[in-house]
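Working notes, beginning with the structure itself.
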Amino acid sequence: MTAATHARPPRSIDWRPWVRPAVALTLIVVAYHTSLTTLFESMRLDTPLAHLALVPLIALGLAAVHRRADAGPPIHDRQLDWIVGIALAGTAAAANVVLPARLSTQFWEWRIDLLTLPVFTAGVVALLFGVRTLWRHRVAVLFLFLAWPYPYSRLLDRWLGSFTQGTVWALNEALLRLPIATQVTESSSLFQVTGPNKAPIQMSIASACSGANGLVGFLLVAGAFVLVVEGSRMRKTTWLLSGALLVWLLNILRILIIFWAAKHWGESVAIDGFHPYMGLVVFNIGVLIMVLLMKPFRLAFRIPKPANGEGLVGDAKLHSSFGALACVGVLALGVGVYNSDLQAYDRVANSFGEPRLASFESSRDTPAGWTLADGPTYDWAKRFFGSSSTWHRFSYTMGNVSQATLAANVPITVDIIDTSDRAALIAYGIEDCYSFHGYSIQGTQSVDLGAGVTGSVLTWTSSKAKTTWTTLFWQWPIKSATGTRYERVTLVMNDQPSNVFTSPPVTTDSSRQLQLDINDVLRGVGSPEDRTRLLQTRQFMIGFARSMIQLRAPAPTA
């Protein structure tokens with residue numbers, strides 16, 4: 001008998017147990033495809049938050065590491081799985097349907113979609129694999145919360161300037177020993193390099209180049225390492241802080257190399273050749289060095305051992321049911337429809353919720369055929385909206401009717417309130433103001449103004465003057481030299497029997513209209529009878545507001 005006779009046939013890989021995990025991952029991606037796309041697209045941006053795109057990938061790695069970790073005693077109660085799963089996934093789905101109309105542009109500014117991602121993921125895992133598996137993968141699911149950019153943005157707004165100045169100080173200390181550049185006297189972050197042709201080259205150390213990018217990225221990656229290594233908390237903390245310091249120092253070295261390249265080969269080579277790639281190179285070097293230094297810090301990787309041989313695959317077999325899969329599929333498709341609508345916010349704010357648009361004062365949005373005239377400024381409102389706030393009134397009148405697709409024979413009054421205090425705009429709302437003055441309010445309605453902006457339109461009557469007016473208003477974040485500010489735009493038009501309007505039809509897709517209707521129900525306003533009142537006036541004002549939003553100029557970039 002030959003050796004070949006005793007040879008065992010090659011063992012084939014059974015992929016069937018991995019079908020359900022793949023389906024679960026696919027449904028999560030379908031539900032949050034726009035959110036994840038914007039996150040991954042941000043990786044090419046030169047911003048401290050670019051590395052947030054690593055969070056979903058790291059979470060997958062953590063799930064793989066903990067796939068056979070002990071999750072405690074077995075739980076074979078599918079009723080509990082349904083209760084937990086429906087509560088979590090349903091809450092995330094409801095937030096994505098209701099809150100975009102409720103919060104308007106604040107939904108994207110706060111990136112509520114990414115905040116609900118781990119909640120929806122937890123619900124999917126509970127429904128398809130059971131609560132026991134959800135508990136096993138709690139670290140990976142909770143890690144997804146780190147992809148939420150709003151807390152980072154708030155923190156960076158406060159300390160990024162000081163961090164940049166710290167980097168500039170360290171550069172100056174290094175340049176005392178390596179005289180390849182000098183700081184421009186009248187600037188806090190501008191350096192000058194003498195190029196190969198003796199021509200001066202000025203290079204700015206912006207906040208994005210200060211090392212904050214690499215620092216945030218390292219803390220995310222190293223934080224994941226800390227979760228899967230063995231060692232005392234003191235050693236882990238020391239290793240983490242040492243790595244953060246190393247990444248920052250390597251960034252100083254990166255800037256010096258760029259200065260050196262500009263000195264010897266010119267600005268084009270330094271900025272177009274070295275600058276786009278050096279950040280990634282030194283970041284990877286820093287991570288590699290810290291991984292190699294884990295042993296001197298007496299840290300070691302730990303791989304969780306299975307307690308009973310069951311992991312994600314085993315639970316998939318145990319808890320598989322067509323009903324759970326169908327439920328998750330319906331929720332994922334529903335969330336996916338509304339997630340696609342989030343692309344509209346791109347005009348108002350970037351993928352991190354940072355505003356893109358300039359103020360009305362600088363943009364002065366004026367639809368074709370209309371003329372904008374300045375009116376009075378109301379300083380008395382500062383006690384309500386803050387000392388830095390402004391309230392400026394403008395008016396629109398028809399100029400050349402033949403050039404206008406939006407035409408009216410009556411003027412439009414525009415009130416612009418600009419403030420750094422968003423809460424003040426909410427506290428002193430339009431409807432509260434009208435009610436305080438004793439006006440009769442009718443037909444309040446949520447309307448879609450495009451670019452993800454939800455406006456409110458209402459009709460109000462002054463019993464003393466015996467006049468009726470229609471008001472449309474919205475508020476949104478704007479970009480300024482001092483940071484994010486908030487602007488309320490209010491259009492007011494007097495309703496008269498002699499009013500004549502020309503405007504294109506105003507349409508809203510069914511998914512967006514459902515959001516607006518739900519918002520009106522939650523606000524307790526808007527009946528079918530009220531909405532038909534003065535419909536022509538409202539249609540014109542909605543069209544006019546949409547035109548203003550499309551005309552709003554982007555804020556200048558540094």
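Just remember, in the structure tokens the first chain shown is A, the second B, etc., residues are 1-based per chain, and ligands are 1-based in the order shown.
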In range 58-255 of chain A, DSSP strand (DSSP E or B) residues written as a PDB file with N, CA, C and O atoms, in the first residue's frame:
ATOM      1  N   THR A 182      12.555  80.254   8.024  1.00  0.00           N
ATOM      2  CA  THR A 182      12.374  81.233   9.094  1.00  0.00           C
ATOM      3  C   THR A 182      10.923  81.660   9.147  1.00  0.00           C
ATOM      4  O   THR A 182      10.228  81.718   8.125  1.00  0.00           O
ATOM      5  N   GLN A 183      10.448  81.946  10.353  1.00  0.00           N
ATOM      6  CA  GLN A 183       9.066  82.376  10.501  1.00  0.00           C
ATOM      7  C   GLN A 183       8.924  83.835  10.079  1.00  0.00           C
ATOM      8  O   GLN A 183       9.756  84.684  10.416  1.00  0.00           O
ATOM      9  N   LEU A 190       3.193  81.542   9.355  1.00  0.00           N
ATOM     10  CA  LEU A 190       3.754  81.608   8.009  1.00  0.00           C
ATOM     11  C   LEU A 190       5.279  81.530   8.086  1.00  0.00           C
ATOM     12  O   LEU A 190       5.906  82.250   8.855  1.00  0.00           O
ATOM     13  N   PHE A 191       5.850  80.619   7.261  1.00  0.00           N
ATOM     14  CA  PHE A 191       7.294  80.447   7.231  1.00  0.00           C
ATOM     15  C   PHE A 191       7.801  80.727   5.823  1.00  0.00           C
ATOM     16  O   PHE A 191       7.082  80.537   4.838  1.00  0.00           O
ATOM     17  N   GLN A 192       9.049  81.171   5.748  1.00  0.00           N
ATOM     18  CA  GLN A 192       9.648  81.488   4.457  1.00  0.00           C
ATOM     19  C   GLN A 192      10.894  80.634   4.229  1.00  0.00           C
ATOM     20  O   GLN A 192      11.742  80.491   5.099  1.00  0.00           O
ATOM     21  N   VAL A 193      10.943  80.061   3.019  1.00  0.00           N
ATOM     22  CA  VAL A 193      12.062  79.225   2.610  1.00  0.00           C
ATOM     23  C   VAL A 193      12.709  79.864   1.387  1.00  0.00           C
ATOM     24  O   VAL A 193      11.998  80.353   0.499  1.00  0.00           O
ATOM     25  N   THR A 194      14.017  79.875   1.350  1.00  0.00           N
ATOM     26  CA  THR A 194      14.731  80.369   0.173  1.00  0.00           C
ATOM     27  C   THR A 194      14.913  79.219  -0.808  1.00  0.00           C
ATOM     28  O   THR A 194      15.598  78.239  -0.525  1.00  0.00           O
ATOM     29  N   PRO A 200      12.117  83.667  -2.691  1.00  0.00           N
ATOM     30  CA  PRO A 200      11.461  83.339  -1.415  1.00  0.00           C
ATOM     31  C   PRO A 200      10.183  82.519  -1.641  1.00  0.00           C
ATOM     32  O   PRO A 200       9.388  82.808  -2.531  1.00  0.00           O
ATOM     33  N   ILE A 201       9.994  81.499  -0.826  1.00  0.00           N
ATOM     34  CA  ILE A 201       8.800  80.657  -0.874  1.00  0.00           C
ATOM     35  C   ILE A 201       8.141  80.719   0.496  1.00  0.00           C
ATOM     36  O   ILE A 201       8.779  80.402   1.512  1.00  0.00           O
ATOM     37  N   GLN A 202       6.900  81.141   0.532  1.00  0.00           N
ATOM     38  CA  GLN A 202       6.186  81.229   1.800  1.00  0.00           C
ATOM     39  C   GLN A 202       5.250  80.027   1.946  1.00  0.00           C
ATOM     40  O   GLN A 202       4.496  79.690   1.032  1.00  0.00           O
ATOM     41  N   MET A 203       5.313  79.388   3.108  1.00  0.00           N
ATOM     42  CA  MET A 203       4.522  78.194   3.377  1.00  0.00           C
ATOM     43  C   MET A 203       3.854  78.360   4.735  1.00  0.00           C
ATOM     44  O   MET A 203       4.498  78.720   5.720  1.00  0.00           O
ATOM     45  N   SER A 204       2.528  78.079   4.764  1.00  0.00           N
ATOM     46  CA  SER A 204       1.743  78.285   5.977  1.00  0.00           C
ATOM     47  C   SER A 204       1.520  76.968   6.703  1.00  0.00           C
ATOM     48  O   SER A 204       1.235  75.941   6.073  1.00  0.00           O
ATOM     49  N   VAL A 229      -5.240  43.973  23.753  1.00  0.00           N
ATOM     50  CA  VAL A 229      -3.939  43.580  24.296  1.00  0.00           C
ATOM     51  C   VAL A 229      -4.048  43.377  25.797  1.00  0.00           C
ATOM     52  O   VAL A 229      -4.932  43.928  26.462  1.00  0.00           O
ATOM     53  N   GLU A 230      -3.132  42.591  26.317  1.00  0.00           N
ATOM     54  CA  GLU A 230      -3.071  42.340  27.749  1.00  0.00           C
ATOM     55  C   GLU A 230      -2.007  43.229  28.378  1.00  0.00           C
ATOM     56  O   GLU A 230      -0.941  43.441  27.805  1.00  0.00           O
TER      57      GLU A 230
END
| task | Might you pull out every residue within 9 Å of Asn519 in chain A, with only C-alpha atoms counted and same-chain residues fewer than 2 positions away left off, and present them as a VMD selection string? | result | chain A and resid 98 to 99 101 to 102 446 514 to 517 521 to 525
| said: Report, in Å to a single decimal, how far apart CA of Thr91 in chain A and CA of Val119 in chain A are. | reply: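 Computing the Euclidean distance for CA of Val119 in chain A and CA of Thr91 in chain A yields 7.8 Å.
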| field | Distance criterion (only C-alpha atoms): nearest to Ser395 in chain A out of A:Val410, A:Leu472, A:Leu215, A:Leu246 | value |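 Result for the nearest residue to Ser395 in chain A: A:Val410.
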| task | Counting only C-alpha atoms, figure out which residue out of A:Phe360, A:Lys236, A:Asn213, A:Ser462 gets nearest to Arg44 in chain A. | result | A:Asn213
| request: Within 10 Å of Arg78 in chain A, counting only C-alpha atoms, which residues show up once you throw out same-chain ones fewer than 2 positions away? Write them as a ChimeraX atom specification, please. | output: /A:75-76,80-84,126-131,319,321,324
Please provide the set of residues having any atom within 10 Å of Leu256 in chain A, restricted to only C-alpha atoms, with same-chain residues fewer than 5 positions apart removed, written as a compact mmCIF listing (two decimals) with C-alpha atoms, in the first residue's frame.
# COMPACT_ATOMS: atom_id res chain seq x y z
CA LEU A 171 9.14 74.07 14.55
CA ALA A 174 13.92 72.80 15.51
CA LEU A 175 14.77 75.52 12.99
CA LEU A 178 18.32 73.30 11.20
CA ILE A 180 16.18 75.75 6.46
CA ALA A 181 13.28 78.19 7.03
CA LEU A 250 7.10 62.71 13.38
CA ASN A 251 4.75 65.35 12.00
CA ALA A 261 12.42 69.86 -0.32
CA ALA A 262 11.23 73.38 -1.07
| Those of range 260-429 of chain A in DSSP helix (DSSP H, G or I), formatted as JSON, numbers by chain | {"A": [260, 261, 262, 263, 264, 265, 267, 268, 269, 270, 271, 272, 273, 274, 275, 276, 277, 278, 279, 280, 281, 282, 283, 284, 285, 286, 287, 288, 289, 290, 291, 292, 312, 313, 314, 315, 316, 317, 318, 319, 322, 323, 324, 325, 326, 327, 328, 329, 330, 331, 332, 333, 334, 335, 336, 337, 338, 339, 340, 341, 342, 343, 344, 345, 346, 347, 360, 361, 362, 363, 379, 380, 381, 382, 383, 384, 385, 401, 402, 403, 422, 423, 424, 425, 426, 427]}
Please produce a file of the residues just selected, as an mmCIF file, in the first residue's frame, where the atoms kept are C-alpha atoms.
data_model
loop_
_atom_site.group_PDB
_atom_site.id
_atom_site.type_symbol
_atom_site.label_atom_id
_atom_site.label_comp_id
_atom_site.auth_asym_id
_atom_site.auth_seq_id
_atom_site.Cartn_x
_atom_site.Cartn_y
_atom_site.Cartn_z
ATOM 1 C CA TRP A 260 13.974 71.035 2.962
ATOM 2 C CA ALA A 261 12.420 69.857 -0.322
ATOM 3 C CA ALA A 262 11.228 73.382 -1.072
ATOM 4 C CA LYS A 263 14.698 74.742 -0.352
ATOM 5 C CA HIS A 264 16.487 72.304 -2.664
ATOM 6 C CA TRP A 265 13.907 71.473 -5.363
ATOM 7 C CA GLU A 267 7.775 74.817 -4.172
ATOM 8 C CA SER A 268 6.159 72.523 -6.752
ATOM 9 C CA VAL A 269 8.104 69.449 -5.633
ATOM 10 C CA ALA A 270 7.494 70.204 -1.955
ATOM 11 C CA ILE A 271 3.769 70.916 -2.173
ATOM 12 C CA ASP A 272 2.721 68.640 -5.050
ATOM 13 C CA GLY A 273 5.219 65.846 -4.491
ATOM 14 C CA PHE A 274 5.986 65.531 -0.779
ATOM 15 C CA HIS A 275 3.038 67.169 0.959
ATOM 16 C CA PRO A 276 0.188 64.853 -0.200
ATOM 17 C CA TYR A 277 1.985 61.649 0.836
ATOM 18 C CA MET A 278 4.330 62.461 3.706
ATOM 19 C CA GLY A 279 1.503 62.621 6.220
ATOM 20 C CA LEU A 280 0.401 59.067 5.423
ATOM 21 C CA VAL A 281 4.004 57.829 5.463
ATOM 22 C CA VAL A 282 4.905 59.237 8.884
ATOM 23 C CA PHE A 283 1.553 58.123 10.313
ATOM 24 C CA ASN A 284 2.169 54.520 9.264
ATOM 25 C CA ILE A 285 5.750 54.686 10.532
ATOM 26 C CA GLY A 286 4.497 55.926 13.892
ATOM 27 C CA VAL A 287 1.914 53.140 14.197
ATOM 28 C CA LEU A 288 4.482 50.495 13.177
ATOM 29 C CA ILE A 289 7.028 51.726 15.713
ATOM 30 C CA MET A 290 4.471 51.657 18.520
ATOM 31 C CA VAL A 291 3.359 48.140 17.582
ATOM 32 C CA LEU A 292 6.996 47.001 17.742
ATOM 33 C CA LEU A 312 -20.887 34.254 15.374
ATOM 34 C CA VAL A 313 -21.267 31.333 12.971
ATOM 35 C CA GLY A 314 -22.744 29.011 15.574
ATOM 36 C CA ASP A 315 -25.260 31.604 16.715
ATOM 37 C CA ALA A 316 -26.205 32.269 13.122
ATOM 38 C CA LYS A 317 -27.401 28.687 12.838
ATOM 39 C CA LEU A 318 -29.104 28.764 16.214
ATOM 40 C CA HIS A 319 -31.025 31.976 15.699
ATOM 41 C CA PHE A 322 -36.879 34.038 7.885
ATOM 42 C CA GLY A 323 -39.052 36.451 9.861
ATOM 43 C CA ALA A 324 -36.064 38.196 11.438
ATOM 44 C CA LEU A 325 -34.307 38.448 8.089
ATOM 45 C CA ALA A 326 -37.432 39.890 6.441
ATOM 46 C CA CYS A 327 -37.849 42.428 9.259
ATOM 47 C CA VAL A 328 -34.236 43.575 9.011
ATOM 48 C CA GLY A 329 -34.519 43.778 5.217
ATOM 49 C CA VAL A 330 -37.586 46.033 5.373
ATOM 50 C CA LEU A 331 -35.978 48.317 7.965
ATOM 51 C CA ALA A 332 -32.722 48.487 5.995
ATOM 52 C CA LEU A 333 -34.501 49.410 2.754
ATOM 53 C CA GLY A 334 -36.578 52.035 4.551
ATOM 54 C CA VAL A 335 -33.555 53.623 6.198
ATOM 55 C CA GLY A 336 -31.670 53.378 2.894
ATOM 56 C CA VAL A 337 -34.311 55.424 1.062
ATOM 57 C CA TYR A 338 -34.031 58.289 3.523
ATOM 58 C CA ASN A 339 -30.274 57.908 3.791
ATOM 59 C CA SER A 340 -30.045 58.634 0.066
ATOM 60 C CA ASP A 341 -31.815 61.954 0.639
ATOM 61 C CA LEU A 342 -28.933 63.108 2.838
ATOM 62 C CA GLN A 343 -26.937 63.918 -0.292
ATOM 63 C CA ALA A 344 -28.974 67.125 -0.501
ATOM 64 C CA TYR A 345 -27.188 68.513 2.567
ATOM 65 C CA ASP A 346 -23.889 68.639 0.708
ATOM 66 C CA ARG A 347 -24.571 72.208 -0.395
ATOM 67 C CA PHE A 360 -26.683 86.786 3.619
ATOM 68 C CA GLU A 361 -24.877 90.057 4.268
ATOM 69 C CA SER A 362 -22.036 88.995 1.953
ATOM 70 C CA SER A 363 -23.993 86.850 -0.515
ATOM 71 C CA ASP A 379 -29.880 96.824 17.802
ATOM 72 C CA TRP A 380 -32.474 96.335 20.536
ATOM 73 C CA ALA A 381 -32.599 92.611 19.612
ATOM 74 C CA LYS A 382 -29.055 92.028 20.940
ATOM 75 C CA ARG A 383 -30.441 91.401 24.427
ATOM 76 C CA PHE A 384 -32.336 88.421 23.008
ATOM 77 C CA PHE A 385 -29.870 86.989 20.464
ATOM 78 C CA VAL A 401 -40.582 91.322 -14.946
ATOM 79 C CA SER A 402 -39.605 89.918 -18.343
ATOM 80 C CA GLN A 403 -36.431 88.373 -16.834
ATOM 81 C CA ARG A 422 -28.387 78.819 18.136
ATOM 82 C CA ALA A 423 -30.401 78.278 21.312
ATOM 83 C CA ALA A 424 -31.544 81.922 21.221
ATOM 84 C CA LEU A 425 -33.098 81.439 17.777
ATOM 85 C CA ILE A 426 -35.030 78.475 19.114
ATOM 86 C CA ALA A 427 -36.055 80.234 22.332
#
| query | Leaving out Val216 in chain A and any residue of its chain fewer than 5 positions from it, which residues lie within 10 Å of it when counting only C-alpha atoms, given as a count of residues only? | reply | 11
| query | Nearest to Ala122 in chain A among A:Leu176, A:Leu25, A:Ser210, A:Ala94, with distances taken over only C-alpha atoms: which residue is it? | reply |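 Answer, going by the shortest atom-to-atom distance: A:Leu25.
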| message | Env of Ala373 in chain A: 10 Å cut, atoms = only C-alpha atoms, seq-sep filter 5 positions within chain, self excluded. Answer as number ranges by chain. | response | A: 364, 393-397, 413-414
Just N, CA and C atoms for this one: save the residues we selected as a PDB file, in the first residue's frame.
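And here is the file that came out, again-v8.pdb:
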ATOM      1  N   ARG A 364     -26.004  88.234  -0.397  1.00  0.00           N
ATOM      2  CA  ARG A 364     -27.098  89.077  -0.894  1.00  0.00           C
ATOM      3  C   ARG A 364     -27.845  88.376  -2.039  1.00  0.00           C
ATOM      4  N   ARG A 393     -32.865  94.369   8.231  1.00  0.00           N
ATOM      5  CA  ARG A 393     -34.046  94.205   7.379  1.00  0.00           C
ATOM      6  C   ARG A 393     -33.725  94.646   5.955  1.00  0.00           C
ATOM      7  N   PHE A 394     -34.195  93.860   4.989  1.00  0.00           N
ATOM      8  CA  PHE A 394     -34.049  94.160   3.569  1.00  0.00           C
ATOM      9  C   PHE A 394     -35.426  94.090   2.912  1.00  0.00           C
ATOM     10  N   SER A 395     -35.491  94.507   1.670  1.00  0.00           N
ATOM     11  CA  SER A 395     -36.737  94.361   0.920  1.00  0.00           C
ATOM     12  C   SER A 395     -36.425  94.029  -0.532  1.00  0.00           C
ATOM     13  N   TYR A 396     -37.232  93.141  -1.101  1.00  0.00           N
ATOM     14  CA  TYR A 396     -37.150  92.786  -2.515  1.00  0.00           C
ATOM     15  C   TYR A 396     -38.303  93.435  -3.263  1.00  0.00           C
ATOM     16  N   THR A 397     -37.986  94.024  -4.392  1.00  0.00           N
ATOM     17  CA  THR A 397     -39.010  94.562  -5.278  1.00  0.00           C
ATOM     18  C   THR A 397     -38.715  94.109  -6.699  1.00  0.00           C
ATOM     19  N   THR A 413     -40.588  91.573   2.270  1.00  0.00           N
ATOM     20  CA  THR A 413     -39.716  92.028   3.357  1.00  0.00           C
ATOM     21  C   THR A 413     -38.895  90.839   3.859  1.00  0.00           C
ATOM     22  N   VAL A 414     -37.599  91.072   4.065  1.00  0.00           N
ATOM     23  CA  VAL A 414     -36.694  90.009   4.517  1.00  0.00           C
ATOM     24  C   VAL A 414     -36.004  90.453   5.801  1.00  0.00           C
TER      25      VAL A 414
END
| task | Just the residues within 7 Å of range 143-151 of chain A, please, counting only C-alpha atoms, with nothing from its chain fewer than 3 positions along; format it as a VMD selection string. | result | chain A and resid 52 55 to 56 59 110 to 111 114 to 115 118 139 to 140 154 to 155 352
| What is the CA of Gly90 in chain A to CA of His33 in chain A distance in Å? |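 That distance, rounded to one decimal, is 17.9 Å.
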| field | Which of A:Ile412, A:Leu249, A:Ile112, A:Leu458 sits closest to Pro100 in chain A [using only C-alpha atoms] | value |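 Of all the options, A:Ile112 lies closest to Pro100 in chain A.
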| said: I'd like to know which of A:Ala31, A:Ile542, A:Ile416, A:Leu227 is closest to Val489 in chain A, using only C-alpha atoms. | reply: A:Ile416
| Of the candidates A:Trp169, A:Leu45, A:Lys464, A:Leu245, which one gets nearest to His437 in chain A if we count only C-alpha atoms? | A:Lys464
